[in-house]
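Shown next: target_9.txt, given as compact mmCIF, C-alpha atoms.
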# COMPACT_ATOMS: atom_id res chain seq x y z
CA GLN A 1 -21.92 27.76 48.99
CA VAL A 2 -21.66 31.34 47.79
CA GLN A 3 -22.43 31.98 44.14
CA LEU A 4 -22.50 35.13 42.03
CA VAL A 5 -24.28 34.66 38.71
CA GLU A 6 -24.06 37.34 36.04
CA SER A 7 -26.32 37.82 33.04
CA GLY A 8 -27.10 40.42 30.41
CA GLY A 9 -23.94 40.58 28.34
CA GLY A 10 -23.96 40.49 24.57
CA LEU A 11 -23.13 42.27 21.34
CA VAL A 12 -24.24 45.85 20.81
CA GLN A 13 -23.38 48.67 18.42
CA ALA A 14 -21.55 51.75 19.62
CA GLY A 15 -23.97 54.17 21.23
CA GLY A 16 -26.23 51.37 22.38
CA SER A 17 -27.16 50.13 25.85
CA LEU A 18 -26.98 46.97 27.89
CA ARG A 19 -27.96 46.08 31.44
CA LEU A 20 -25.94 43.57 33.41
CA SER A 21 -27.38 41.72 36.39
CA CYS A 22 -25.67 39.86 39.19
CA ALA A 23 -27.51 37.64 41.66
CA ALA A 24 -25.66 36.50 44.77
CA SER A 25 -26.64 33.61 46.99
CA GLY A 26 -25.28 31.54 49.85
CA ARG A 27 -25.02 34.23 52.53
CA THR A 28 -26.26 37.71 53.46
CA PHE A 29 -24.79 40.50 51.36
CA GLN A 30 -26.49 43.53 52.90
CA THR A 31 -23.25 45.06 54.24
CA TYR A 32 -21.07 43.91 51.38
CA ALA A 33 -19.85 46.20 48.64
CA MET A 34 -21.11 44.79 45.35
CA GLY A 35 -19.96 45.95 41.99
CA TRP A 36 -18.36 45.31 38.65
CA PHE A 37 -14.88 44.95 37.22
CA ARG A 38 -13.91 44.28 33.64
CA GLN A 39 -11.01 42.78 31.76
CA ALA A 40 -10.26 43.43 28.11
CA PRO A 41 -7.99 41.13 26.08
CA GLY A 42 -4.34 41.71 26.97
CA LYS A 43 -5.21 44.10 29.81
CA GLU A 44 -5.46 43.82 33.57
CA ARG A 45 -8.79 43.61 35.33
CA GLU A 46 -10.04 47.10 36.20
CA PHE A 47 -12.66 48.62 38.45
CA VAL A 48 -15.87 49.82 36.79
CA ALA A 49 -18.41 50.63 39.51
CA LYS A 50 -19.54 49.54 42.95
CA THR A 51 -22.18 50.10 45.60
CA THR A 52 -21.16 50.44 49.25
CA TRP A 53 -23.44 50.16 52.26
CA SER A 54 -24.41 53.46 53.90
CA GLY A 55 -26.56 51.96 56.64
CA GLY A 56 -30.11 50.65 56.72
CA ASN A 57 -31.27 50.09 53.16
CA SER A 58 -29.05 52.81 51.68
CA TYR A 59 -26.12 52.36 49.33
CA SER A 60 -23.67 54.76 47.72
CA ALA A 61 -22.51 54.42 44.13
CA HIS A 62 -18.91 54.81 42.96
CA TYR A 63 -17.65 54.90 39.38
CA ALA A 64 -14.43 54.75 37.43
CA ASP A 65 -13.78 58.01 35.58
CA SER A 66 -14.03 56.22 32.25
CA VAL A 67 -17.70 55.33 32.79
CA LYS A 68 -19.03 58.31 34.79
CA GLY A 69 -22.10 59.79 33.18
CA ARG A 70 -22.68 56.71 31.00
CA PHE A 71 -23.08 53.83 33.47
CA SER A 72 -25.38 53.55 36.47
CA ILE A 73 -25.13 50.96 39.24
CA PHE A 74 -27.84 50.08 41.72
CA ARG A 75 -28.79 47.37 44.18
CA GLY A 76 -31.98 45.41 43.98
CA SER A 77 -34.57 45.47 46.74
CA ALA A 78 -33.36 42.09 47.95
CA GLN A 79 -29.89 43.63 48.48
CA ASN A 80 -28.23 40.52 47.09
CA THR A 81 -28.53 41.70 43.51
CA VAL A 82 -26.66 44.43 41.68
CA TYR A 83 -27.31 45.91 38.26
CA LEU A 84 -25.16 47.87 35.87
CA GLN A 85 -26.99 49.98 33.32
CA MET A 86 -24.57 50.81 30.52
CA ASN A 87 -25.52 53.56 28.08
CA SER A 88 -23.62 55.26 25.26
CA LEU A 89 -21.41 52.23 24.92
CA LYS A 90 -18.07 52.56 23.15
CA PRO A 91 -15.83 49.95 21.52
CA ASP A 92 -13.39 50.54 24.41
CA ASP A 93 -16.02 49.12 26.76
CA THR A 94 -15.56 45.70 25.17
CA ALA A 95 -14.47 43.28 27.90
CA VAL A 96 -15.50 40.44 30.14
CA TYR A 97 -17.44 41.99 33.02
CA TYR A 98 -17.15 40.38 36.45
CA CYS A 99 -19.44 40.82 39.40
CA ASN A 100 -17.68 41.23 42.75
CA ALA A 101 -18.90 41.11 46.34
CA ALA A 102 -16.40 42.37 48.90
CA GLY A 103 -16.68 42.34 52.66
CA GLN A 104 -15.48 39.88 55.25
CA ASP A 105 -14.64 37.72 52.23
CA ASP A 106 -14.19 38.42 48.53
CA TYR A 107 -16.34 36.71 45.89
CA TRP A 108 -16.36 36.79 42.09
CA GLY A 109 -18.74 35.72 39.37
CA GLN A 110 -17.74 33.78 36.29
CA GLY A 111 -17.93 36.80 33.99
CA THR A 112 -20.12 37.87 31.09
CA GLN A 113 -18.87 39.08 27.71
CA VAL A 114 -19.76 42.55 26.48
CA THR A 115 -18.79 43.37 22.91
CA VAL A 116 -19.34 46.83 21.43
CA SER A 117 -18.95 47.10 17.67
CA SER A 118 -17.98 50.32 15.91
Here is a file; write its structure as C-alpha cells.
Amino acid sequence: QVQLVESGGGLVQAGGSLRLSCAASGRTFQTYAMGWFRQAPGKEREFVAKTTWSGGNSYSAHYADSVKGRFSIFRGSAQNTVYLQMNSLKPDDTAVYYCNAAGQDDYWGQGTQVTVSS
C-alpha cells in the first residue's frame, strides 16, 4: 500500500521559516516527480514546487512564481523523501500543503497545515 506522510507544518510569524517533509512508502519512487501543492481556504489547490527525475540520482527543481527565491525543494538520499524549505514566509502562504508523487500513478498525502501570522 502506497503512503505519503507529511510533517513539519505549524504556526510561524511572517518572515519566518518552516521545513516540510514527505516520506513515501509502498513502491519505488526514483523516477516519480515528487512535490508540493497547497490549498488555502476558499481557493483551489495550486502547484508550489516539484522535483523531476533527470536520470541517475539527479533531479531538477521547479517552482511556482509566487515562491521562487523563497522556497527550496530537494529529494532525500533515499529518493523516496522530499523536503520543502520555506523561508521569508508571508501570510499569503497560509494553506494546507499536500505532498504529491506523480508518475505511472498519482499519489497524495493527507496534508499538513501551515499558518503564517502577520
As a PyMOL selection string, please: the residues near range 6-9 of chain A (cut-off 9 Å, all atoms listed in the file, same-chain neighbours under 3 positions excluded).
chain A and resi 18-24+96-99+109-115
One decimal, in Å: what's the spacing between CA of Trp53 in chain A and CA of Arg75 in chain A?
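Those two atoms sit 10.1 Å apart.
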Would you mind listing what lies within 7 Å of Gly16 in chain A as a list in words, with only C-alpha atoms counted and same-chain residues fewer than 3 positions away left out?
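So the residues in contact are Val12, Gln13, Asn87, Ser88 and Leu89 of chain A.
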Go ahead and write the residues just picked, C-alpha atoms, as a tab-separated table (two decimals), in the frame of the given file.
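Output (out04.tsv):
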chain	number	residue	atom	x	y	z
A	12	VAL	CA	-24.24	45.85	20.81
A	13	GLN	CA	-23.38	48.67	18.42
A	87	ASN	CA	-25.52	53.56	28.08
A	88	SER	CA	-23.62	55.26	25.26
A	89	LEU	CA	-21.41	52.23	24.92
Taking into account all atoms listed in the file, which residue in the set A:Ala95, A:Ala78, A:Met34, A:Ile73 is nearest to Val116 in chain A?
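Of all the options, A:Ala95 lies closest to Val116 in chain A.
Take CA of Ser54 in chain A and CA of Thr81 in chain A: the distance between them is 16.2 Å.
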I'd like the interatomic distance between CA of Gln104 in chain A and CA of Arg27 in chain A, to a tenth of an Å.
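Answer for the CA of Gln104 in chain A to CA of Arg27 in chain A separation: 11.4 Å.
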Shortest interatomic distance to Phe29 in chain A - which of A:Asn100, A:Gln3, A:Ser117, A:Asn80, counting all atoms listed in the file
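Of A:Asn100, A:Gln3, A:Ser117, A:Asn80, the one nearest Phe29 in chain A is A:Asn80, counting all atoms listed in the file.
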Serialized range 13-28 of chain A w/ all heavy atoms as a short mmCIF file (atom, residue, chain, number, x, y, z; two decimals), in the first residue's frame:
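Generated file (out_27.cif):
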data_model
loop_
_atom_site.label_atom_id
_atom_site.label_comp_id
_atom_site.auth_asym_id
_atom_site.auth_seq_id
_atom_site.Cartn_x
_atom_site.Cartn_y
_atom_site.Cartn_z
N GLN A 13 5.49 33.22 12.41
CA GLN A 13 5.28 34.63 12.11
C GLN A 13 5.80 34.95 10.71
O GLN A 13 6.70 34.28 10.19
CB GLN A 13 5.98 35.50 13.13
CG GLN A 13 5.34 35.49 14.50
CD GLN A 13 5.95 36.51 15.44
OE1 GLN A 13 7.14 36.80 15.36
NE2 GLN A 13 5.14 37.06 16.33
N ALA A 14 5.25 35.99 10.13
CA ALA A 14 5.71 36.44 8.83
C ALA A 14 7.22 36.71 8.87
O ALA A 14 7.72 37.26 9.85
CB ALA A 14 4.96 37.70 8.41
N GLY A 15 7.89 36.27 7.81
CA GLY A 15 9.34 36.39 7.77
C GLY A 15 10.08 35.17 8.29
O GLY A 15 11.29 35.05 8.11
N GLY A 16 9.35 34.28 8.92
CA GLY A 16 9.96 33.08 9.49
C GLY A 16 10.12 31.96 8.48
O GLY A 16 9.86 32.14 7.29
N SER A 17 10.55 30.81 9.00
CA SER A 17 10.85 29.66 8.14
C SER A 17 10.22 28.40 8.70
O SER A 17 10.02 28.26 9.91
CB SER A 17 12.37 29.45 8.04
OG SER A 17 13.02 30.56 7.46
N LEU A 18 9.93 27.48 7.79
CA LEU A 18 9.49 26.14 8.14
C LEU A 18 10.06 25.17 7.12
O LEU A 18 10.30 25.56 5.98
CB LEU A 18 7.96 26.03 8.12
CG LEU A 18 7.15 26.59 9.27
CD1 LEU A 18 5.66 26.49 8.95
CD2 LEU A 18 7.46 25.87 10.56
N ARG A 19 10.23 23.93 7.52
CA ARG A 19 10.63 22.88 6.58
C ARG A 19 9.60 21.77 6.64
O ARG A 19 9.32 21.21 7.70
CB ARG A 19 12.01 22.31 6.91
CG ARG A 19 12.40 21.16 5.98
CD ARG A 19 13.80 20.64 6.25
NE ARG A 19 14.81 21.59 5.82
CZ ARG A 19 16.11 21.30 5.76
NH1 ARG A 19 16.54 20.08 6.07
NH2 ARG A 19 16.97 22.22 5.37
N LEU A 20 9.04 21.46 5.49
CA LEU A 20 8.10 20.35 5.36
C LEU A 20 8.84 19.11 4.86
O LEU A 20 9.75 19.22 4.04
CB LEU A 20 6.98 20.70 4.40
CG LEU A 20 6.17 21.96 4.69
CD1 LEU A 20 5.04 22.10 3.67
CD2 LEU A 20 5.63 21.95 6.09
N SER A 21 8.40 17.97 5.35
CA SER A 21 8.98 16.69 4.92
C SER A 21 7.87 15.78 4.44
O SER A 21 6.74 15.83 4.94
CB SER A 21 9.71 16.01 6.08
OG SER A 21 10.73 16.82 6.59
N CYS A 22 8.19 14.95 3.47
CA CYS A 22 7.24 13.97 2.96
C CYS A 22 7.99 12.66 2.76
O CYS A 22 8.98 12.62 2.01
CB CYS A 22 6.62 14.43 1.66
SG CYS A 22 5.58 13.18 0.85
N ALA A 23 7.52 11.61 3.40
CA ALA A 23 8.13 10.29 3.25
C ALA A 23 7.14 9.37 2.55
O ALA A 23 6.01 9.22 2.99
CB ALA A 23 8.50 9.73 4.62
N ALA A 24 7.58 8.79 1.44
CA ALA A 24 6.73 7.90 0.65
C ALA A 24 7.16 6.46 0.85
O ALA A 24 8.34 6.16 0.99
CB ALA A 24 6.80 8.28 -0.81
N SER A 25 6.20 5.57 0.85
CA SER A 25 6.50 4.15 1.01
C SER A 25 5.52 3.32 0.20
O SER A 25 4.49 3.81 -0.26
CB SER A 25 6.42 3.75 2.49
OG SER A 25 5.11 3.98 2.99
N GLY A 26 5.86 2.06 -0.02
CA GLY A 26 4.95 1.16 -0.70
C GLY A 26 5.33 0.84 -2.14
O GLY A 26 4.74 -0.05 -2.75
N ARG A 27 6.29 1.58 -2.70
CA ARG A 27 6.79 1.29 -4.03
C ARG A 27 8.07 2.11 -4.24
O ARG A 27 8.48 2.84 -3.35
CB ARG A 27 5.77 1.64 -5.11
CG ARG A 27 5.41 3.11 -5.21
CD ARG A 27 4.80 3.43 -6.57
NE ARG A 27 5.75 3.13 -7.62
CZ ARG A 27 5.39 2.61 -8.80
NH1 ARG A 27 4.12 2.32 -9.06
NH2 ARG A 27 6.30 2.36 -9.73
N THR A 28 8.67 1.97 -5.41
CA THR A 28 9.87 2.75 -5.73
C THR A 28 9.46 4.06 -6.38
O THR A 28 8.66 4.08 -7.32
CB THR A 28 10.77 1.95 -6.70
OG1 THR A 28 11.15 0.72 -6.08
CG2 THR A 28 12.02 2.75 -7.03
#
